[in-house]
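Q: Below you'll find input07.cif; it's mmCIF, C-alpha atoms.
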```cif
data_target
loop_
_atom_site.label_atom_id
_atom_site.label_comp_id
_atom_site.auth_asym_id
_atom_site.auth_seq_id
_atom_site.Cartn_x
_atom_site.Cartn_y
_atom_site.Cartn_z
CA MET A 1 -16.46 4.90 58.78
CA PRO A 2 -14.78 2.03 60.70
CA PHE A 3 -13.72 -0.97 58.61
CA ARG A 4 -16.06 -3.33 60.45
CA GLU A 5 -19.05 -1.05 59.84
CA LYS A 6 -18.18 -1.09 56.14
CA SER A 7 -17.98 -4.86 56.40
CA ALA A 8 -21.44 -4.97 57.99
CA TRP A 9 -22.85 -2.87 55.12
CA ILE A 10 -21.21 -5.15 52.55
CA MET A 11 -22.46 -8.34 54.20
CA SER A 12 -26.01 -7.08 54.76
CA ALA A 13 -26.16 -5.98 51.10
CA ALA A 14 -24.65 -9.28 49.92
CA LEU A 15 -27.04 -11.38 52.00
CA SER A 16 -30.08 -9.34 50.91
CA ALA A 17 -29.10 -9.54 47.24
CA GLY A 18 -28.28 -13.24 47.61
CA GLY A 19 -31.67 -13.83 49.20
CA LEU A 20 -33.37 -12.18 46.23
CA VAL A 21 -31.36 -14.32 43.81
CA TYR A 22 -32.30 -17.46 45.71
CA PHE A 23 -35.96 -16.80 46.43
CA ARG A 24 -37.03 -15.10 43.18
CA PRO A 25 -37.28 -18.38 41.18
CA VAL A 26 -38.81 -20.18 44.17
CA VAL A 27 -41.55 -17.57 44.64
CA SER A 28 -42.05 -17.28 40.89
CA ALA A 29 -42.59 -21.05 40.51
CA TRP A 30 -44.84 -21.11 43.57
CA SER A 31 -47.07 -18.30 42.27
CA GLU A 32 -47.38 -19.98 38.85
CA SER A 33 -48.05 -23.55 39.90
CA GLY A 34 -49.16 -23.07 43.51
CA GLU A 35 -46.59 -25.63 44.63
CA LEU A 36 -43.16 -25.27 46.13
CA ILE A 37 -40.23 -26.49 44.07
CA SER A 38 -37.95 -28.83 45.97
CA PRO A 39 -34.76 -27.21 47.23
CA GLY A 40 -31.96 -28.06 44.84
CA LEU A 41 -28.20 -27.84 44.91
CA PRO A 42 -27.79 -25.71 41.72
CA LEU A 43 -29.84 -22.81 43.15
CA LEU A 44 -28.03 -23.08 46.46
CA LEU A 45 -24.64 -23.02 44.72
CA THR A 46 -25.73 -20.00 42.67
CA TYR A 47 -26.68 -18.26 45.91
CA ALA A 48 -23.38 -19.20 47.59
CA GLY A 49 -21.32 -18.08 44.59
CA PHE A 50 -23.20 -14.77 44.39
CA LEU A 51 -22.74 -14.17 48.14
CA VAL A 52 -19.02 -15.00 48.09
CA ALA A 53 -18.41 -12.83 45.00
CA ILE A 54 -20.06 -9.73 46.52
CA ALA A 55 -18.43 -10.30 49.93
CA VAL A 56 -14.94 -10.80 48.49
CA VAL A 57 -15.07 -7.90 46.04
CA GLY A 58 -16.66 -5.61 48.64
CA HIS A 59 -14.03 -6.42 51.24
CA ILE A 60 -11.15 -6.03 48.79
CA VAL A 61 -12.41 -2.52 48.00
CA ALA A 62 -12.91 -1.73 51.72
CA VAL A 63 -9.39 -2.94 52.59
CA ALA A 64 -7.89 -0.97 49.70
CA LEU A 65 -9.56 2.20 50.98
CA ALA A 66 -8.25 1.80 54.57
CA PRO A 67 -5.61 -0.95 54.90
CA ASN A 68 -4.57 0.00 58.47
CA ASP A 69 -8.15 -0.12 59.81
CA ALA A 70 -8.63 -3.60 58.35
CA ASP A 71 -5.58 -4.96 60.18
CA ALA A 72 -6.49 -3.55 63.59
CA PRO A 73 -8.18 -5.93 66.04
CA ALA A 74 -11.66 -5.10 67.31
CA ASP A 75 -11.53 -2.79 70.31
CA GLU A 76 -13.70 -2.91 73.46
CA ARG A 77 -16.59 -0.90 71.96
CA GLU A 78 -16.64 -3.00 68.80
CA ARG A 79 -16.69 -6.22 70.82
CA GLN A 80 -19.73 -4.88 72.72
CA ILE A 81 -21.37 -3.96 69.42
CA PHE A 82 -20.88 -7.49 68.04
CA ASP A 83 -22.10 -9.11 71.26
CA ARG A 84 -25.30 -7.05 71.41
CA ALA A 85 -26.03 -7.34 67.71
CA GLY A 86 -25.59 -11.11 67.93
CA HIS A 87 -27.84 -11.21 70.97
CA TYR A 88 -30.75 -9.44 69.24
CA ALA A 89 -30.24 -11.40 66.02
CA SER A 90 -30.49 -14.66 67.97
CA TYR A 91 -34.10 -13.75 68.87
CA VAL A 92 -34.95 -13.28 65.20
CA PHE A 93 -33.35 -16.61 64.32
CA ALA A 94 -35.05 -18.41 67.22
CA ALA A 95 -38.46 -16.92 66.34
CA GLY A 96 -37.98 -18.03 62.73
CA ILE A 97 -37.11 -21.57 63.79
CA VAL A 98 -40.14 -21.81 66.10
CA ILE A 99 -42.41 -20.56 63.29
CA SER A 100 -40.78 -23.04 60.89
CA LEU A 101 -41.40 -25.95 63.24
CA GLY A 102 -45.01 -24.84 63.76
CA LEU A 103 -45.55 -24.64 60.00
CA TYR A 104 -44.06 -28.10 59.56
CA ILE A 105 -46.47 -29.59 62.10
CA PHE A 106 -49.44 -28.21 60.15
CA SER A 107 -48.13 -28.62 56.59
CA ASN A 108 -45.95 -31.72 56.94
CA SER A 109 -43.89 -30.29 54.09
CA GLY A 110 -40.14 -30.82 54.25
CA ASP A 111 -39.64 -28.37 51.39
CA LEU A 112 -41.45 -25.63 53.29
CA LEU A 113 -39.40 -26.46 56.39
CA PHE A 114 -36.19 -26.07 54.40
CA TYR A 115 -37.23 -22.68 52.99
CA THR A 116 -38.46 -21.27 56.30
CA VAL A 117 -35.33 -22.40 58.18
CA PHE A 118 -33.16 -20.99 55.39
CA THR A 119 -35.10 -17.70 55.57
CA SER A 120 -34.66 -17.61 59.36
CA LEU A 121 -30.92 -18.10 58.98
CA LEU A 122 -30.73 -15.37 56.36
CA ALA A 123 -32.95 -12.97 58.33
CA GLY A 124 -30.96 -13.57 61.54
CA GLN A 125 -27.69 -12.76 59.78
CA ILE A 126 -29.06 -9.66 58.05
CA VAL A 127 -30.54 -8.38 61.34
CA GLU A 128 -27.21 -8.97 63.07
CA TYR A 129 -25.38 -6.81 60.53
CA LEU A 130 -28.11 -4.13 60.64
CA PHE A 131 -27.85 -3.97 64.46
CA GLN A 132 -24.08 -3.66 64.16
CA ILE A 133 -24.56 -0.66 61.84
CA LEU A 134 -27.16 0.84 64.21
CA PHE A 135 -24.88 0.47 67.26
CA TYR A 136 -21.91 1.88 65.39
CA ARG A 137 -23.98 4.98 64.67
CA THR A 138 -25.66 5.35 68.06
CA SER A 139 -24.79 4.25 71.60
CA VAL A 140 -23.89 0.66 72.40
CA MET T 1 -31.13 -0.39 73.69
CA ALA T 2 -28.95 2.43 72.33
CA ARG T 3 -29.56 4.64 75.39
CA LYS T 4 -27.11 7.45 76.02
CA PRO T 5 -24.93 6.63 79.07
CA PRO T 6 -25.27 9.00 82.09
CA ILE T 7 -21.51 9.60 82.23
CA THR T 8 -20.09 12.82 80.85
CA ASN T 9 -16.41 13.50 80.24
CA ARG T 10 -13.81 16.13 79.48
CA VAL T 11 -11.77 13.98 77.10
CA ARG T 12 -11.98 16.43 74.21
CA GLU T 13 -11.03 19.38 76.41
CA LEU T 14 -8.07 17.51 77.93
CA ARG T 15 -6.95 16.28 74.53
CA GLU T 16 -6.91 19.83 73.18
CA GLN T 17 -5.00 21.04 76.26
CA HIS T 18 -2.33 18.40 75.66
CA GLY T 19 -0.76 19.80 72.54
CA ALA T 20 -3.85 19.32 70.41
CA MET T 21 -3.47 15.57 70.49
CA THR T 22 -5.51 14.01 67.69
CA GLN T 23 -8.29 11.48 68.29
CA ALA T 24 -6.23 8.86 66.45
CA GLU T 25 -3.20 9.53 68.70
CA LEU T 26 -5.33 9.21 71.82
CA GLY T 27 -6.90 6.03 70.45
CA ASN T 28 -3.46 4.51 69.76
CA ALA T 29 -2.24 5.49 73.22
CA ILE T 30 -5.09 3.76 75.05
CA GLY T 31 -5.69 0.89 72.60
CA VAL T 32 -9.00 1.80 70.97
CA THR T 33 -9.98 3.00 67.51
CA ARG T 34 -10.42 6.65 66.54
CA GLN T 35 -14.15 5.97 66.15
CA THR T 36 -14.34 4.81 69.78
CA VAL T 37 -12.59 8.01 70.93
CA ILE T 38 -15.18 9.99 68.93
CA ALA T 39 -18.00 7.99 70.57
CA ILE T 40 -16.51 8.64 74.05
CA GLU T 41 -16.19 12.38 73.39
CA GLN T 42 -19.77 12.55 72.15
CA ASN T 43 -21.00 10.65 75.23
CA ARG T 44 -22.27 7.82 73.07
CA TYR T 45 -20.03 5.28 74.76
CA SER T 46 -18.74 4.86 78.32
CA PRO T 47 -15.25 3.33 78.20
CA SER T 48 -14.25 0.35 80.30
CA LEU T 49 -12.63 1.05 83.66
CA ASP T 50 -9.33 -0.03 82.12
CA SER T 51 -9.57 2.53 79.30
CA ALA T 52 -10.87 5.22 81.66
CA PHE T 53 -7.77 4.83 83.85
CA ARG T 54 -5.52 4.83 80.79
CA ILE T 55 -7.06 8.13 79.65
CA ALA T 56 -6.72 9.71 83.10
CA ARG T 57 -3.11 8.56 83.50
CA LEU T 58 -2.23 9.75 80.00
CA PHE T 59 -3.43 13.26 80.86
CA GLY T 60 -1.92 13.10 84.36
CA VAL T 61 -5.21 13.69 86.17
CA GLY T 62 -7.56 11.71 88.40
CA LEU T 63 -10.45 9.66 87.10
CA GLU T 64 -13.03 12.11 88.43
CA ASP T 65 -11.30 14.98 86.67
CA VAL T 66 -12.09 13.25 83.38
CA PHE T 67 -15.40 11.52 84.00
CA SER T 68 -18.45 12.56 86.00
CA TRP T 69 -21.88 11.13 86.63
CA GLU T 70 -24.74 13.24 85.27
CA GLU T 71 -27.80 13.12 87.56
#
```
Here is the file; what I need is its structure written in the form of structure tokens.

A:
Amino acid sequence: MPFREKSAWIMSAALSAGGLVYFRPVVSAWSESGELISPGLPLLLTYAGFLVAIAVVGHIVAVALAPNDADAPADERERQIFDRAGHYASYVFAAGIVISLGLYIFSNSGDLLFYTVFTSLLAGQIVEYLFQILFYRTSV
Amino acid sequence: MARKPPITNRVRELREQHGAMTQAELGNAIGVTRQTVIAIEQNRYSPSLDSAFRIARLFGVGLEDVFSWEE
């Protein structure tokens, strides 16, 4: 498996797990009280720390398994893979932002806007890595 | 999205004729990864014109001896 495909697996897993860590207390509080908790820095820092820890450890292991692959620059096929994956992911991100703005107009809730934009960002990134994996395994 | 390109090739055959050159050796010679050579041989990826010429020149043949368009 190419190093950058391993990297895409690591990052999609890290982002998905990080998303669970971040949104579990938010959804839990919302289902109990029926109200959204305001976005706070401690939860965001927990998410960031979790994401960085998984990404760093995962990449250290991936580099240790194939040090030469990790050093090599992306070739022409890989550059096409990244371009196309980024292209499709941009639609997911844009759709999420449009939905977020629509929700804000109707709810007037800044907290909801924060969470939906954050979700769009997360979903866009995860989709980008999943498309990279798909293109690595099929045709570009 | 992810459609198989209509270009077939004889890269694997030529590689085996040239002293059983490995996919990694071919990749190093033309500046792509081994995985990209595998994708080219399996017709999952059509190389750039630049890489196509590099492959043909490496094997000492013309471009159309390596690649052909499948109707």

Q: Enumerate, in order of chain and increasing residue number, the residues of chain T with an atom no farther than 10 Å from chain A, each with its shortest atom pair and distance in Å to one decimal, counting only C-alpha atoms, as a Markdown table.

A:
```
| residue | atom | partner | partner_atom | distance |
| --- | --- | --- | --- | --- |
| T:Met1 | CA | A:Val140 | CA | 7.4 |
| T:Ala2 | CA | A:Ser139 | CA | 4.6 |
| T:Arg3 | CA | A:Ser139 | CA | 6.1 |
| T:Lys4 | CA | A:Ser139 | CA | 5.9 |
| T:Pro5 | CA | A:Ser139 | CA | 7.8 |
| T:Gly27 | CA | A:Asp75 | CA | 10.0 |
| T:Gly31 | CA | A:Asp75 | CA | 7.3 |
| T:Val32 | CA | A:Asp75 | CA | 5.3 |
| T:Thr33 | CA | A:Asp75 | CA | 6.6 |
| T:Arg34 | CA | A:Pro2 | CA | 8.6 |
| T:Gln35 | CA | A:Pro2 | CA | 6.8 |
| T:Thr36 | CA | A:Arg77 | CA | 6.5 |
| T:Val37 | CA | A:Arg77 | CA | 9.8 |
| T:Ala39 | CA | A:Ser139 | CA | 7.8 |
| T:Ile40 | CA | A:Ser139 | CA | 9.7 |
| T:Gln42 | CA | A:Ser139 | CA | 9.7 |
| T:Asn43 | CA | A:Ser139 | CA | 8.3 |
| T:Arg44 | CA | A:Ser139 | CA | 4.6 |
| T:Tyr45 | CA | A:Ser139 | CA | 5.8 |
| T:Ser46 | CA | A:Arg77 | CA | 8.8 |
| T:Pro47 | CA | A:Arg77 | CA | 7.7 |
| T:Ser48 | CA | A:Glu76 | CA | 7.6 |
| T:Ser51 | CA | A:Glu76 | CA | 9.0 |
```

Q: For the structure shown, which residues end up in the PyMOL selection byres ((chain A and resi 115) around 10)? Put them as a list in words, please?

A: Phe23, Val26, Leu36, Ser38, Pro39, Ser100, Gly110, Asp111, Leu112, Leu113, Phe114, Thr116, Val117, Phe118, Thr119, Ser120 and Leu121 of chain A

Q: Which distance in Å separates CA of Leu58 (chain T) and CA of Leu26 (chain T), to one decimal?

A: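 Distance between the two atoms: 8.8 Å.
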
Q: Can you list, as a list of chain:residue names, every protein, DNA or RNA residue that comes within 10 Å of Met11 (chain A) when you count all atoms listed in the file, leaving out same-chain residues fewer than 4 positions away?

A: A:Glu5, A:Lys6, A:Ser7, A:Leu15, A:Ser16, A:Ala17, A:Leu51, A:Val52, A:Ile54, A:Ala55, A:Val56, A:Gly58, A:His59, A:Gln125, A:Ile126, A:Tyr129, A:Leu130

Q: I'd like the neighbourhood of region 59-63 of chain T as an MDAnalysis selection string, where a residue qualifies if any of its atoms comes within 8 Å (using only C-alpha atoms), though same-chain residues fewer than 4 positions away should be ignored.

A: chainID T and resid 14:15 18 52:53 55 67

Q: To one decimal place in Å, what is the distance between CA of Ile7 (chain T) and CA of Asp50 (chain T)?

A: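 Interatomic distance, CA of Ile7 (chain T) to CA of Asp50 (chain T): 15.5 Å.
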
Q: Using all atoms listed in the file, can you tell me which of T:Trp69, T:Ile30, T:Glu41, T:Leu49 comes closest to Val11 (chain T)?

A: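 Result for the nearest residue to Val11 (chain T): T:Glu41.
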